[in-house]
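Shown below: run_33.pdb, with PDB, C-alpha atoms, pLDDT in the B column.
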```pdb
ATOM      1  CA  MET Z   1       0.000   0.000   0.000  1.00 57.00           C
ATOM      2  CA  ALA Z   2       1.482   3.330  -1.086  1.00 78.00           C
ATOM      3  CA  VAL Z   3       1.869   6.206   1.338  1.00 85.00           C
ATOM      4  CA  ASP Z   4      -0.022   9.395   0.490  1.00 91.00           C
ATOM      5  CA  PRO Z   5       2.575  11.829  -0.956  1.00 93.00           C
ATOM      6  CA  SER Z   6       0.897  14.774   0.803  1.00 95.00           C
ATOM      7  CA  LEU Z   7       1.352  13.026   4.165  1.00 96.00           C
ATOM      8  CA  VAL Z   8       5.036  12.436   3.380  1.00 96.00           C
ATOM      9  CA  ALA Z   9       5.461  16.125   2.445  1.00 96.00           C
ATOM     10  CA  HIS Z  10       3.697  17.227   5.643  1.00 97.00           C
ATOM     11  CA  CYS Z  11       5.849  14.969   7.834  1.00 97.00           C
ATOM     12  CA  LEU Z  12       9.028  16.197   6.128  1.00 97.00           C
ATOM     13  CA  GLU Z  13       7.945  19.773   6.827  1.00 96.00           C
ATOM     14  CA  LEU Z  14       7.333  18.891  10.490  1.00 97.00           C
ATOM     15  CA  LEU Z  15      10.756  17.271  10.860  1.00 96.00           C
ATOM     16  CA  SER Z  16      12.624  19.984   8.976  1.00 95.00           C
ATOM     17  CA  VAL Z  17      12.734  22.081  12.181  1.00 93.00           C
ATOM     18  CA  LEU Z  18      15.821  19.990  13.020  1.00 94.00           C
ATOM     19  CA  GLY Z  19      17.575  20.223   9.664  1.00 94.00           C
ATOM     20  CA  PRO Z  20      17.271  18.935   6.113  1.00 95.00           C
ATOM     21  CA  ALA Z  21      14.694  16.153   6.024  1.00 96.00           C
ATOM     22  CA  ARG Z  22      14.240  13.569   3.293  1.00 96.00           C
ATOM     23  CA  SER Z  23      12.269  10.394   2.725  1.00 96.00           C
ATOM     24  CA  ARG Z  24      12.901   7.030   1.156  1.00 95.00           C
ATOM     25  CA  ARG Z  25      10.508   4.239   0.231  1.00 94.00           C
ATOM     26  CA  MET Z  26      10.840   1.131   2.354  1.00 88.00           C
ATOM     27  CA  PHE Z  27       8.720  -1.974   2.925  1.00 80.00           C
ATOM     28  CA  GLY Z  28       5.506  -0.384   1.677  1.00 82.00           C
ATOM     29  CA  GLY Z  29       6.021   2.724   3.803  1.00 91.00           C
ATOM     30  CA  GLN Z  30       8.447   5.622   3.991  1.00 95.00           C
ATOM     31  CA  GLY Z  31      11.608   6.064   6.017  1.00 95.00           C
ATOM     32  CA  LEU Z  32      12.300   9.639   7.134  1.00 97.00           C
ATOM     33  CA  TYR Z  33      15.758  11.061   7.750  1.00 97.00           C
ATOM     34  CA  VAL Z  34      17.061  14.254   9.297  1.00 96.00           C
ATOM     35  CA  GLY Z  35      20.499  14.690   7.825  1.00 93.00           C
ATOM     36  CA  GLU Z  36      21.849  11.149   7.639  1.00 93.00           C
ATOM     37  CA  HIS Z  37      19.938   9.862  10.661  1.00 95.00           C
ATOM     38  CA  PHE Z  38      16.878   7.626  10.319  1.00 95.00           C
ATOM     39  CA  VAL Z  39      14.436   9.243  12.750  1.00 97.00           C
ATOM     40  CA  ALA Z  40      10.944   8.217  11.694  1.00 97.00           C
ATOM     41  CA  LEU Z  41       8.796   6.077   9.483  1.00 96.00           C
ATOM     42  CA  ILE Z  42       5.360   6.362   7.983  1.00 96.00           C
ATOM     43  CA  ALA Z  43       3.219   3.225   7.909  1.00 94.00           C
ATOM     44  CA  ASP Z  44      -0.539   2.841   7.692  1.00 91.00           C
ATOM     45  CA  ASP Z  45      -0.928   6.644   7.386  1.00 94.00           C
ATOM     46  CA  THR Z  46       0.763   7.173  10.760  1.00 96.00           C
ATOM     47  CA  LEU Z  47       4.033   8.930  11.586  1.00 97.00           C
ATOM     48  CA  TYR Z  48       6.169   6.908  14.007  1.00 97.00           C
ATOM     49  CA  LEU Z  49       9.191   8.552  15.640  1.00 98.00           C
ATOM     50  CA  LYS Z  50      12.312   6.738  16.860  1.00 97.00           C
ATOM     51  CA  ALA Z  51      12.203   6.384  20.652  1.00 97.00           C
ATOM     52  CA  ASP Z  52      14.886   4.517  22.574  1.00 96.00           C
ATOM     53  CA  GLU Z  53      14.720   3.561  26.263  1.00 95.00           C
ATOM     54  CA  LEU Z  54      15.378   7.154  27.352  1.00 96.00           C
ATOM     55  CA  ALA Z  55      12.710   8.717  25.109  1.00 96.00           C
ATOM     56  CA  ARG Z  56      10.035   6.030  25.390  1.00 96.00           C
ATOM     57  CA  PRO Z  57       8.517   7.178  28.721  1.00 96.00           C
ATOM     58  CA  ALA Z  58       7.590  10.572  27.226  1.00 97.00           C
ATOM     59  CA  PHE Z  59       5.841   8.872  24.309  1.00 97.00           C
ATOM     60  CA  GLU Z  60       4.015   6.505  26.647  1.00 97.00           C
ATOM     61  CA  ALA Z  61       2.906   9.409  28.880  1.00 96.00           C
ATOM     62  CA  ALA Z  62       1.528  11.230  25.826  1.00 96.00           C
ATOM     63  CA  GLY Z  63      -0.629   8.215  24.949  1.00 96.00           C
ATOM     64  CA  CYS Z  64       1.368   7.239  21.861  1.00 97.00           C
ATOM     65  CA  ARG Z  65       1.521   3.656  20.649  1.00 96.00           C
ATOM     66  CA  PRO Z  66       4.489   1.601  19.406  1.00 96.00           C
ATOM     67  CA  PHE Z  67       4.937   0.564  15.808  1.00 94.00           C
ATOM     68  CA  SER Z  68       4.355  -3.150  15.379  1.00 91.00           C
ATOM     69  CA  TYR Z  69       3.900  -5.554  12.507  1.00 87.00           C
ATOM     70  CA  ASN Z  70       3.166  -9.212  11.847  1.00 85.00           C
ATOM     71  CA  ALA Z  71       6.454 -11.084  11.682  1.00 84.00           C
ATOM     72  CA  ALA Z  72       7.244 -14.572  10.470  1.00 86.00           C
ATOM     73  CA  GLY Z  73       5.636 -17.378  12.378  1.00 87.00           C
ATOM     74  CA  GLY Z  74       2.548 -15.324  13.200  1.00 87.00           C
ATOM     75  CA  ARG Z  75       4.198 -13.417  16.033  1.00 90.00           C
ATOM     76  CA  ARG Z  76       3.839  -9.666  16.532  1.00 89.00           C
ATOM     77  CA  ALA Z  77       7.086  -7.667  16.349  1.00 87.00           C
ATOM     78  CA  VAL Z  78       7.406  -4.298  18.082  1.00 88.00           C
ATOM     79  CA  MET Z  79      10.032  -1.768  17.063  1.00 91.00           C
ATOM     80  CA  ALA Z  80      11.496   1.286  18.823  1.00 93.00           C
ATOM     81  CA  TYR Z  81       9.242   3.721  16.958  1.00 96.00           C
ATOM     82  CA  TRP Z  82       6.225   5.384  18.537  1.00 97.00           C
ATOM     83  CA  SER Z  83       3.337   7.272  16.993  1.00 97.00           C
ATOM     84  CA  ALA Z  84       3.622  11.035  17.145  1.00 97.00           C
ATOM     85  CA  PRO Z  85       1.187  12.786  19.499  1.00 97.00           C
ATOM     86  CA  ASP Z  86      -1.822  14.161  17.602  1.00 96.00           C
ATOM     87  CA  GLU Z  87      -1.086  17.764  18.610  1.00 96.00           C
ATOM     88  CA  ALA Z  88       2.498  17.441  17.305  1.00 96.00           C
ATOM     89  CA  MET Z  89       1.113  16.769  13.832  1.00 97.00           C
ATOM     90  CA  GLU Z  90      -0.364  20.287  13.737  1.00 95.00           C
ATOM     91  CA  SER Z  91       2.797  22.360  13.277  1.00 94.00           C
ATOM     92  CA  PRO Z  92       6.579  22.202  13.137  1.00 95.00           C
ATOM     93  CA  ALA Z  93       6.741  24.139  16.426  1.00 95.00           C
ATOM     94  CA  GLN Z  94       4.607  21.519  18.192  1.00 96.00           C
ATOM     95  CA  MET Z  95       6.602  18.697  16.575  1.00 97.00           C
ATOM     96  CA  ARG Z  96       9.992  20.140  17.604  1.00 97.00           C
ATOM     97  CA  PRO Z  97      10.338  18.474  21.060  1.00 97.00           C
ATOM     98  CA  TRP Z  98       9.184  15.105  19.715  1.00 97.00           C
ATOM     99  CA  ALA Z  99      11.397  15.303  16.650  1.00 97.00           C
ATOM    100  CA  ARG Z 100      14.312  16.293  18.901  1.00 97.00           C
ATOM    101  CA  GLN Z 101      13.783  13.156  20.997  1.00 97.00           C
ATOM    102  CA  ALA Z 102      13.679  11.034  17.833  1.00 96.00           C
ATOM    103  CA  LEU Z 103      16.921  12.573  16.565  1.00 96.00           C
ATOM    104  CA  GLU Z 104      18.602  12.150  19.954  1.00 96.00           C
ATOM    105  CA  SER Z 105      17.509   8.489  19.981  1.00 96.00           C
ATOM    106  CA  ALA Z 106      19.020   8.034  16.508  1.00 95.00           C
ATOM    107  CA  LEU Z 107      22.253   9.746  17.586  1.00 95.00           C
ATOM    108  CA  ARG Z 108      22.552   7.503  20.664  1.00 94.00           C
ATOM    109  CA  ALA Z 109      21.986   4.418  18.500  1.00 91.00           C
ATOM    110  CA  ALA Z 110      24.674   5.574  16.050  1.00 90.00           C
ATOM    111  CA  ALA Z 111      27.119   6.228  18.904  1.00 89.00           C
ATOM    112  CA  ALA Z 112      26.463   2.747  20.311  1.00 86.00           C
ATOM    113  CA  ARG Z 113      27.196   1.191  16.903  1.00 83.00           C
ATOM    114  CA  ARG Z 114      30.441   3.179  16.568  1.00 80.00           C
ATOM    115  CA  THR Z 115      31.722   2.019  19.955  1.00 76.00           C
ATOM    116  CA  ALA Z 116      30.711  -1.606  19.362  1.00 65.00           C
ATOM    117  CA  VAL Z 117      32.998  -2.026  16.337  1.00 57.00           C
ATOM    118  CA  PRO Z 118      36.241  -0.859  18.011  1.00 60.00           C
ATOM    119  CA  ARG Z 119      35.535  -3.159  20.957  1.00 59.00           C
ATOM    120  CA  LYS Z 120      35.515  -6.139  18.595  1.00 64.00           C
ATOM    121  CA  ALA Z 121      38.757  -5.000  16.985  1.00 64.00           C
ATOM    122  CA  ALA Z 122      40.328  -4.458  20.430  1.00 64.00           C
ATOM    123  CA  ALA Z 123      39.239  -7.938  21.526  1.00 66.00           C
ATOM    124  CA  ARG Z 124      40.857  -9.450  18.424  1.00 68.00           C
ATOM    125  CA  ALA Z 125      44.058  -7.505  19.117  1.00 66.00           C
ATOM    126  CA  ARG Z 126      44.116  -8.743  22.739  1.00 66.00           C
ATOM    127  CA  GLN Z 127      43.569 -12.315  21.557  1.00 68.00           C
ATOM    128  CA  THR Z 128      46.359 -11.981  18.999  1.00 65.00           C
ATOM    129  CA  ALA Z 129      48.732 -10.606  21.634  1.00 66.00           C
ATOM    130  CA  ALA Z 130      47.819 -13.323  24.146  1.00 66.00           C
ATOM    131  CA  THR Z 131      47.994 -16.274  21.781  1.00 64.00           C
ATOM    132  CA  GLY Z 132      50.579 -15.044  19.310  1.00 63.00           C
ATOM    133  CA  ASP Z 133      48.130 -15.725  16.499  1.00 59.00           C
ATOM    134  CA  ALA Z 134      48.642 -13.303  13.649  1.00 54.00           C
ATOM    135  CA  PRO Z 135      45.913 -12.020  11.366  1.00 53.00           C
ATOM    136  CA  ALA Z 136      45.081 -14.306   8.458  1.00 54.00           C
ATOM    137  CA  GLY Z 137      47.812 -14.438   5.840  1.00 50.00           C
ATOM    138  CA  ARG Z 138      50.641 -13.272   8.135  1.00 49.00           C
ATOM    139  CA  SER Z 139      52.840 -15.130  10.502  1.00 48.00           C
ATOM    140  CA  PRO Z 140      54.048 -13.630  13.773  1.00 49.00           C
ATOM    141  CA  GLY Z 141      57.063 -11.460  13.160  1.00 50.00           C
ATOM    142  CA  ALA Z 142      56.604 -11.530   9.375  1.00 50.00           C
ATOM    143  CA  ALA Z 143      58.092  -8.615   7.560  1.00 51.00           C
ATOM    144  CA  SER Z 144      55.774  -5.951   6.280  1.00 50.00           C
ATOM    145  CA  THR Z 145      54.841  -6.089   2.627  1.00 53.00           C
ATOM    146  CA  ARG Z 146      54.842  -2.299   2.519  1.00 53.00           C
ATOM    147  CA  PRO Z 147      57.708  -0.890   0.405  1.00 55.00           C
ATOM    148  CA  ARG Z 148      60.490   0.730   2.401  1.00 57.00           C
ATOM    149  CA  ARG Z 149      61.432   4.335   1.902  1.00 60.00           C
ATOM    150  CA  ALA Z 150      64.952   5.059   0.814  1.00 60.00           C
ATOM    151  CA  LYS Z 151      67.084   6.775   3.426  1.00 60.00           C
ATOM    152  CA  ALA Z 152      68.282  10.213   2.469  1.00 54.00           C
TER     153      ALA Z 152
END
```
Please render this file's structure as structure tokens.
Amino acid sequence: MAVDPSLVAHCLELLSVLGPARSRRMFGGQGLYVGEHFVALIADDTLYLKADELARPAFEAAGCRPFSYNAAGGRRAVMAYWSAPDEAMESPAQMRPWARQALESALRAAAARRTAVPRKAAARARQTAATGDAPAGRSPGAASTRPRRAKA
């Protein structure tokens, strides 16, 4: 089911209070971005904003509902996106605090992903140092394949 283009345009206008907003088709709905951060989605004619554990209580208190869908095996899957409060849909000014929480949730998620990757690399380095195992294709103490610079 296609999303109404006027709803997409309205939601982009609401989110643009935080910066350049754009949309992208996804899974029969629309994904909404502020800058490079995925902050919202539109499904079933409803705007859902990203809400992590820190933002979720505000959405719950405002009477919002989580985005959910039917997953494989007949189970119901719930994602970390919550419907926008009705009054926030009226103007960019009223959307600002909710959009800010969605962007902050996206920024925290991005920061968590960035720190997770170096931890894995650090763990591999510790294992290599402890066991003497070298990365694939190199033996411990093997000379570098990088060309040497001539001494002046």
Open item on the list: So that I can see what lies close to region 30-34 of chain Z, please list as an MDAnalysis selection string the residues with an atom at most 10 Å from it, counting all atoms listed in the file and leaving out residues fewer than 5 positions away in the same chain.
Closed with: chainID Z and resid 2:5 8 11:12 15:25 39:43 47:49 99 102:103 106
Task: Of the listed residues Z:Gly73, Z:Pro85, Z:Gly28, Z:Pro92, that which approaches Ala58 (chain Z) most closely, counting all atoms listed in the file - done: Z:Pro85
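Nearest residue to Ser6 (chain Z) among Z:Met95, Z:Arg100, Z:Gly35, Z:Asp45 is Z:Asp45, counting all atoms listed in the file.
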Please identify all polymer residues within 8 Å of Ala51 (chain Z), counting only C-alpha atoms, omitting same-chain residues fewer than 3 positions from it, and present them as a compact mmCIF listing (two decimals) with C-alpha atoms, in the coordinates of the input.
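So result-v8.txt came out as:
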```txt
# COMPACT_ATOMS: atom_id res chain seq x y z
CA LEU Z 54 15.38 7.15 27.35
CA ALA Z 55 12.71 8.72 25.11
CA ARG Z 56 10.04 6.03 25.39
CA PHE Z 59 5.84 8.87 24.31
CA ALA Z 80 11.50 1.29 18.82
CA TYR Z 81 9.24 3.72 16.96
CA TRP Z 82 6.22 5.38 18.54
CA GLN Z 101 13.78 13.16 21.00
CA ALA Z 102 13.68 11.03 17.83
CA SER Z 105 17.51 8.49 19.98
```
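Distances from Z:Thr46, Z:Ala112, Z:Leu107, Z:Glu53 to Ser83 (chain Z) were compared using all atoms listed in the file, and the smallest one belongs to Z:Thr46.
We find CA of Glu104 (chain Z) and CA of Phe38 (chain Z) to be spaced 10.8 Å apart.
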TODO: Find the residues with any atom within 7 Å of (3.7, -4.5, 18.9); use only C-alpha atoms and the coordinates as given in the file, and write the answer as a PyMOL selection string.
DONE: chain Z and resi 66-69+76-78
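For the atom pair formed by CA of Ala109 (chain Z) and CA of Asp52 (chain Z), the distance is 8.2 Å, given to one decimal.
Take CA of Ala93 (chain Z) and CA of Gly29 (chain Z): the distance between them is 24.9 Å.
Taking only C-alpha atoms into account, Ala61 (chain Z) lies nearest to Z:Ala84 out of the set Z:Ala111, Z:Met26, Z:Met89, Z:Ala84.
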